[in-house]
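Have a look at the structure below before the remarks.
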Amino acid sequence: MDLEKYLKVTETMDHDHPMIRSVVNCISGERSSRRDVLTRLFYCVRDGCRYNMYKGSWDLKDYRASKVLQEGEGFCIQKSVLLAAMARAAGIPSRFILAAIRNHKTPPEVVRAMGNNLFFPHIYDEFYIENRWVKAAPTFDKYLCQRINAPTVEFSGEHDAILPPLDFEGLLYVEYVEDFGTFEDIPWEFILQTLPRFYDENYFAWQASLNPGIDWQTVGIDITRSRKI
């Protein structure tokens with residue numbers, strides 16, 4: 001297996017940045033195993049980089065790991081990019097899993113704006129450690145989980161750790177709807193081409209209200225192909 005491509009610096013995975021190197025060096029320590037390092041990095045990103053769904057951007061530069069680290073908040077893609085980049089800086093091969101998920105605890109006003117409680121793109125991480133791939137989703141920080149009465153994702157570096165299906169009351173929480181496979185970097189063009197499958201014109205109107213002056217054609221999205229209401 002060619003693991004070198006999962007260690008490369010890319011447009012978003014700028015783990016050669018001094019700020020990322022510095023943080024990883026501080027977290028790693030001198031005698032830590034790779035699993036221990038990966039576990040510490042996971043919790044650093046899960047809780048140290050707060051979840052903010054409104055940090056989503058239509059500019060790929062806003063997904064650069066060093067920028068996410070500097071801003072200290074992001075949504076699923078940005079947090080996963082940061083964790084994967086930090087892992088690569090520690091010499092741990094990392095890649096992304098692209099999916100569509102349904103979040104049954106999405107606030108009603110967001111459901112109305114989006115047209116549903118479906119989130120695409122959703123990205124989480126996979127790491128090659130001790131001769132196998134292990135999944136981890138650093139999406140929601142513990143402070144958010146406390147507010148919404150939902151379990152945090154706990155990661156040991158040994159077992160898969162993805163978003164849980166139920167909250168603490170046994171009600172539906174996160175449902176994985178569709179898996180699009182693994183990628184060594186953000187599959188930006190594929191995401192732009194696929195978005196209209198999941199959302200109607202109301203979603204793009206809402207996004208336009210959050211991003212005044214946005215030109216969907218310039219971004220690369222054909223909203224005429226959006227899902228019909």
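Labeling convention for the structure tokens: chains A, B, ... as they appear, residues from 1 per chain, ligands from 1 in order of appearance.
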Give me, as JSON lines, each residue of stretch 59-108 of chain A that comes within 12 Å of stretch 20-44 of chain A, together with its shortest interatomic pair and the distance in Å at one decimal, counting only C-alpha atoms, with rows ordered by chain and rising residue number.
{"residue": "A:Arg64", "atom": "CA", "partner": "A:Ile20", "partner_atom": "CA", "distance": 11.2}
{"residue": "A:Ala65", "atom": "CA", "partner": "A:Ile20", "partner_atom": "CA", "distance": 8.1}
{"residue": "A:Ser66", "atom": "CA", "partner": "A:Ile20", "partner_atom": "CA", "distance": 6.4}
{"residue": "A:Lys67", "atom": "CA", "partner": "A:Ile20", "partner_atom": "CA", "distance": 9.9}
{"residue": "A:Val68", "atom": "CA", "partner": "A:Ile20", "partner_atom": "CA", "distance": 10.3}
{"residue": "A:Leu69", "atom": "CA", "partner": "A:Ile20", "partner_atom": "CA", "distance": 7.6}
{"residue": "A:Gln70", "atom": "CA", "partner": "A:Ile20", "partner_atom": "CA", "distance": 9.4}
{"residue": "A:Gly72", "atom": "CA", "partner": "A:Cys44", "partner_atom": "CA", "distance": 10.6}
{"residue": "A:Glu73", "atom": "CA", "partner": "A:Cys44", "partner_atom": "CA", "distance": 11.8}
{"residue": "A:Lys79", "atom": "CA", "partner": "A:Phe42", "partner_atom": "CA", "distance": 9.8}
{"residue": "A:Ser80", "atom": "CA", "partner": "A:Phe42", "partner_atom": "CA", "distance": 9.5}
{"residue": "A:Val81", "atom": "CA", "partner": "A:Phe42", "partner_atom": "CA", "distance": 11.6}
{"residue": "A:Leu82", "atom": "CA", "partner": "A:Ile20", "partner_atom": "CA", "distance": 8.8}
{"residue": "A:Leu83", "atom": "CA", "partner": "A:Phe42", "partner_atom": "CA", "distance": 6.5}
{"residue": "A:Ala84", "atom": "CA", "partner": "A:Phe42", "partner_atom": "CA", "distance": 9.3}
{"residue": "A:Ala85", "atom": "CA", "partner": "A:Ile20", "partner_atom": "CA", "distance": 8.1}
{"residue": "A:Met86", "atom": "CA", "partner": "A:Val24", "partner_atom": "CA", "distance": 6.3}
{"residue": "A:Ala87", "atom": "CA", "partner": "A:Leu38", "partner_atom": "CA", "distance": 6.5}
{"residue": "A:Arg88", "atom": "CA", "partner": "A:Val24", "partner_atom": "CA", "distance": 9.7}
{"residue": "A:Ala89", "atom": "CA", "partner": "A:Arg21", "partner_atom": "CA", "distance": 6.4}
{"residue": "A:Ala90", "atom": "CA", "partner": "A:Val24", "partner_atom": "CA", "distance": 6.7}
{"residue": "A:Gly91", "atom": "CA", "partner": "A:Arg34", "partner_atom": "CA", "distance": 8.5}
{"residue": "A:Ile92", "atom": "CA", "partner": "A:Arg34", "partner_atom": "CA", "distance": 7.4}
{"residue": "A:Pro93", "atom": "CA", "partner": "A:Leu38", "partner_atom": "CA", "distance": 10.7}
{"residue": "A:Ser94", "atom": "CA", "partner": "A:Leu38", "partner_atom": "CA", "distance": 10.6}
Suppose we keep N, CA and C atoms; can you now write the selection as a PDB file, in the first residue's frame?
ATOM      1  N   ARG A  64      -7.988  25.667   4.796  1.00  0.00           N
ATOM      2  CA  ARG A  64      -6.573  25.405   5.041  1.00  0.00           C
ATOM      3  C   ARG A  64      -6.351  25.153   6.535  1.00  0.00           C
ATOM      4  N   ALA A  65      -5.634  24.082   6.846  1.00  0.00           N
ATOM      5  CA  ALA A  65      -5.471  23.663   8.243  1.00  0.00           C
ATOM      6  C   ALA A  65      -4.901  24.761   9.129  1.00  0.00           C
ATOM      7  N   SER A  66      -3.901  25.467   8.648  1.00  0.00           N
ATOM      8  CA  SER A  66      -3.284  26.511   9.463  1.00  0.00           C
ATOM      9  C   SER A  66      -4.272  27.631   9.777  1.00  0.00           C
ATOM     10  N   LYS A  67      -5.159  27.930   8.852  1.00  0.00           N
ATOM     11  CA  LYS A  67      -6.164  28.975   9.087  1.00  0.00           C
ATOM     12  C   LYS A  67      -7.191  28.508  10.115  1.00  0.00           C
ATOM     13  N   VAL A  68      -7.597  27.244  10.015  1.00  0.00           N
ATOM     14  CA  VAL A  68      -8.551  26.695  10.982  1.00  0.00           C
ATOM     15  C   VAL A  68      -7.941  26.709  12.384  1.00  0.00           C
ATOM     16  N   LEU A  69      -6.681  26.313  12.487  1.00  0.00           N
ATOM     17  CA  LEU A  69      -5.992  26.325  13.776  1.00  0.00           C
ATOM     18  C   LEU A  69      -5.946  27.732  14.350  1.00  0.00           C
ATOM     19  N   GLN A  70      -5.644  28.688  13.511  1.00  0.00           N
ATOM     20  CA  GLN A  70      -5.538  30.079  13.961  1.00  0.00           C
ATOM     21  C   GLN A  70      -6.888  30.616  14.434  1.00  0.00           C
ATOM     22  N   GLY A  72      -9.539  28.778  15.469  1.00  0.00           N
ATOM     23  CA  GLY A  72     -10.001  28.049  16.635  1.00  0.00           C
ATOM     24  C   GLY A  72     -11.438  27.576  16.593  1.00  0.00           C
ATOM     25  N   GLU A  73     -12.040  27.560  15.406  1.00  0.00           N
ATOM     26  CA  GLU A  73     -13.397  27.048  15.251  1.00  0.00           C
ATOM     27  C   GLU A  73     -13.625  26.653  13.801  1.00  0.00           C
ATOM     28  N   LYS A  79     -12.626  21.013  10.786  1.00  0.00           N
ATOM     29  CA  LYS A  79     -12.056  20.314  11.927  1.00  0.00           C
ATOM     30  C   LYS A  79     -11.360  19.022  11.484  1.00  0.00           C
ATOM     31  N   SER A  80     -11.933  18.336  10.524  1.00  0.00           N
ATOM     32  CA  SER A  80     -11.310  17.103  10.025  1.00  0.00           C
ATOM     33  C   SER A  80     -10.023  17.396   9.274  1.00  0.00           C
ATOM     34  N   VAL A  81     -10.004  18.494   8.528  1.00  0.00           N
ATOM     35  CA  VAL A  81      -8.776  18.897   7.841  1.00  0.00           C
ATOM     36  C   VAL A  81      -7.681  19.187   8.858  1.00  0.00           C
ATOM     37  N   LEU A  82      -8.026  19.917   9.904  1.00  0.00           N
ATOM     38  CA  LEU A  82      -7.029  20.252  10.920  1.00  0.00           C
ATOM     39  C   LEU A  82      -6.475  19.002  11.584  1.00  0.00           C
ATOM     40  N   LEU A  83      -7.349  18.084  11.977  1.00  0.00           N
ATOM     41  CA  LEU A  83      -6.880  16.861  12.631  1.00  0.00           C
ATOM     42  C   LEU A  83      -6.022  16.014  11.702  1.00  0.00           C
ATOM     43  N   ALA A  84      -6.450  15.878  10.448  1.00  0.00           N
ATOM     44  CA  ALA A  84      -5.676  15.083   9.489  1.00  0.00           C
ATOM     45  C   ALA A  84      -4.314  15.708   9.228  1.00  0.00           C
ATOM     46  N   ALA A  85      -4.275  17.030   9.125  1.00  0.00           N
ATOM     47  CA  ALA A  85      -3.002  17.714   8.889  1.00  0.00           C
ATOM     48  C   ALA A  85      -2.066  17.555  10.076  1.00  0.00           C
ATOM     49  N   MET A  86      -2.599  17.661  11.279  1.00  0.00           N
ATOM     50  CA  MET A  86      -1.777  17.484  12.471  1.00  0.00           C
ATOM     51  C   MET A  86      -1.252  16.049  12.557  1.00  0.00           C
ATOM     52  N   ALA A  87      -2.093  15.089  12.186  1.00  0.00           N
ATOM     53  CA  ALA A  87      -1.642  13.692  12.179  1.00  0.00           C
ATOM     54  C   ALA A  87      -0.509  13.502  11.173  1.00  0.00           C
ATOM     55  N   ARG A  88      -0.651  14.082   9.993  1.00  0.00           N
ATOM     56  CA  ARG A  88       0.414  13.976   8.989  1.00  0.00           C
ATOM     57  C   ARG A  88       1.699  14.616   9.491  1.00  0.00           C
ATOM     58  N   ALA A  89       1.562  15.725  10.213  1.00  0.00           N
ATOM     59  CA  ALA A  89       2.744  16.376  10.778  1.00  0.00           C
ATOM     60  C   ALA A  89       3.446  15.462  11.775  1.00  0.00           C
ATOM     61  N   ALA A  90       2.686  14.571  12.409  1.00  0.00           N
ATOM     62  CA  ALA A  90       3.244  13.615  13.364  1.00  0.00           C
ATOM     63  C   ALA A  90       3.683  12.322  12.686  1.00  0.00           C
ATOM     64  N   GLY A  91       3.580  12.286  11.340  1.00  0.00           N
ATOM     65  CA  GLY A  91       4.007  11.110  10.596  1.00  0.00           C
ATOM     66  C   GLY A  91       2.978  10.010  10.504  1.00  0.00           C
ATOM     67  N   ILE A  92       1.703  10.334  10.807  1.00  0.00           N
ATOM     68  CA  ILE A  92       0.622   9.344  10.763  1.00  0.00           C
ATOM     69  C   ILE A  92      -0.191   9.550   9.488  1.00  0.00           C
ATOM     70  N   PRO A  93      -0.218   8.581   8.578  1.00  0.00           N
ATOM     71  CA  PRO A  93      -0.987   8.731   7.334  1.00  0.00           C
ATOM     72  C   PRO A  93      -2.467   8.992   7.633  1.00  0.00           C
ATOM     73  N   SER A  94      -3.050   9.939   6.905  1.00  0.00           N
ATOM     74  CA  SER A  94      -4.445  10.293   7.148  1.00  0.00           C
ATOM     75  C   SER A  94      -5.154  10.567   5.828  1.00  0.00           C
TER      76      SER A  94
END
Requested in this report: Do a neighbour search on stretch 54-60 of chain A at 12 Å with only C-alpha atoms, toss out local chain neighbours closer than 3 positions, and write the hits as a ChimeraX atom specification.
Outcome: /A:10-13,49-51,63-65,67-68,71-79,81,110,119-122,185-189,191-192,195,204,206-208,210-212,214-221
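Candidate residues A:Pro18, A:Pro138, A:Pro108, A:Gly48 were compared for distance to A:Glu126, and the nearest is A:Pro138, using only C-alpha atoms.
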Query - Close residues, A:Thr182 itself excluded, 8 Å, only C-alpha atoms, min 6 positions apart in chain, as JSON, numbers by chain - result: {"A": [95, 96, 97, 98]}
Since we have the selection now, will you write its residues out, keeping N, CA and C atoms, as a short mmCIF file (atom, residue, chain, number, x, y, z; two decimals), in the first residue's frame?
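So again09.cif came out as:
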data_model
loop_
_atom_site.label_atom_id
_atom_site.label_comp_id
_atom_site.auth_asym_id
_atom_site.auth_seq_id
_atom_site.Cartn_x
_atom_site.Cartn_y
_atom_site.Cartn_z
N ARG A 95 -6.45 10.32 5.83
CA ARG A 95 -7.28 10.59 4.66
C ARG A 95 -8.69 10.93 5.13
N PHE A 96 -9.53 11.34 4.17
CA PHE A 96 -10.89 11.76 4.49
C PHE A 96 -11.92 10.74 4.02
N ILE A 97 -13.01 10.67 4.75
CA ILE A 97 -14.20 9.94 4.31
C ILE A 97 -15.29 10.98 4.07
N LEU A 98 -15.86 10.95 2.88
CA LEU A 98 -16.93 11.88 2.52
C LEU A 98 -18.27 11.16 2.64
#
Report task. Enumerate as a PyMOL selection string all residues of stretch 29-168 of chain A assigned to strand (DSSP E) by DSSP on the backbone, naming them with the chain letters and numbers the document uses. Result -> chain A and resi 50-51+73-74+94-103+118-129+132-136
Requested in this report: Would you mind listing what lies within 9 Å of stretch 163-169 of chain A as a VMD selection string, with only C-alpha atoms counted and same-chain residues fewer than 3 positions away left out?
Outcome: chain A and resid 105 136 to 140 148 to 153 172 to 176
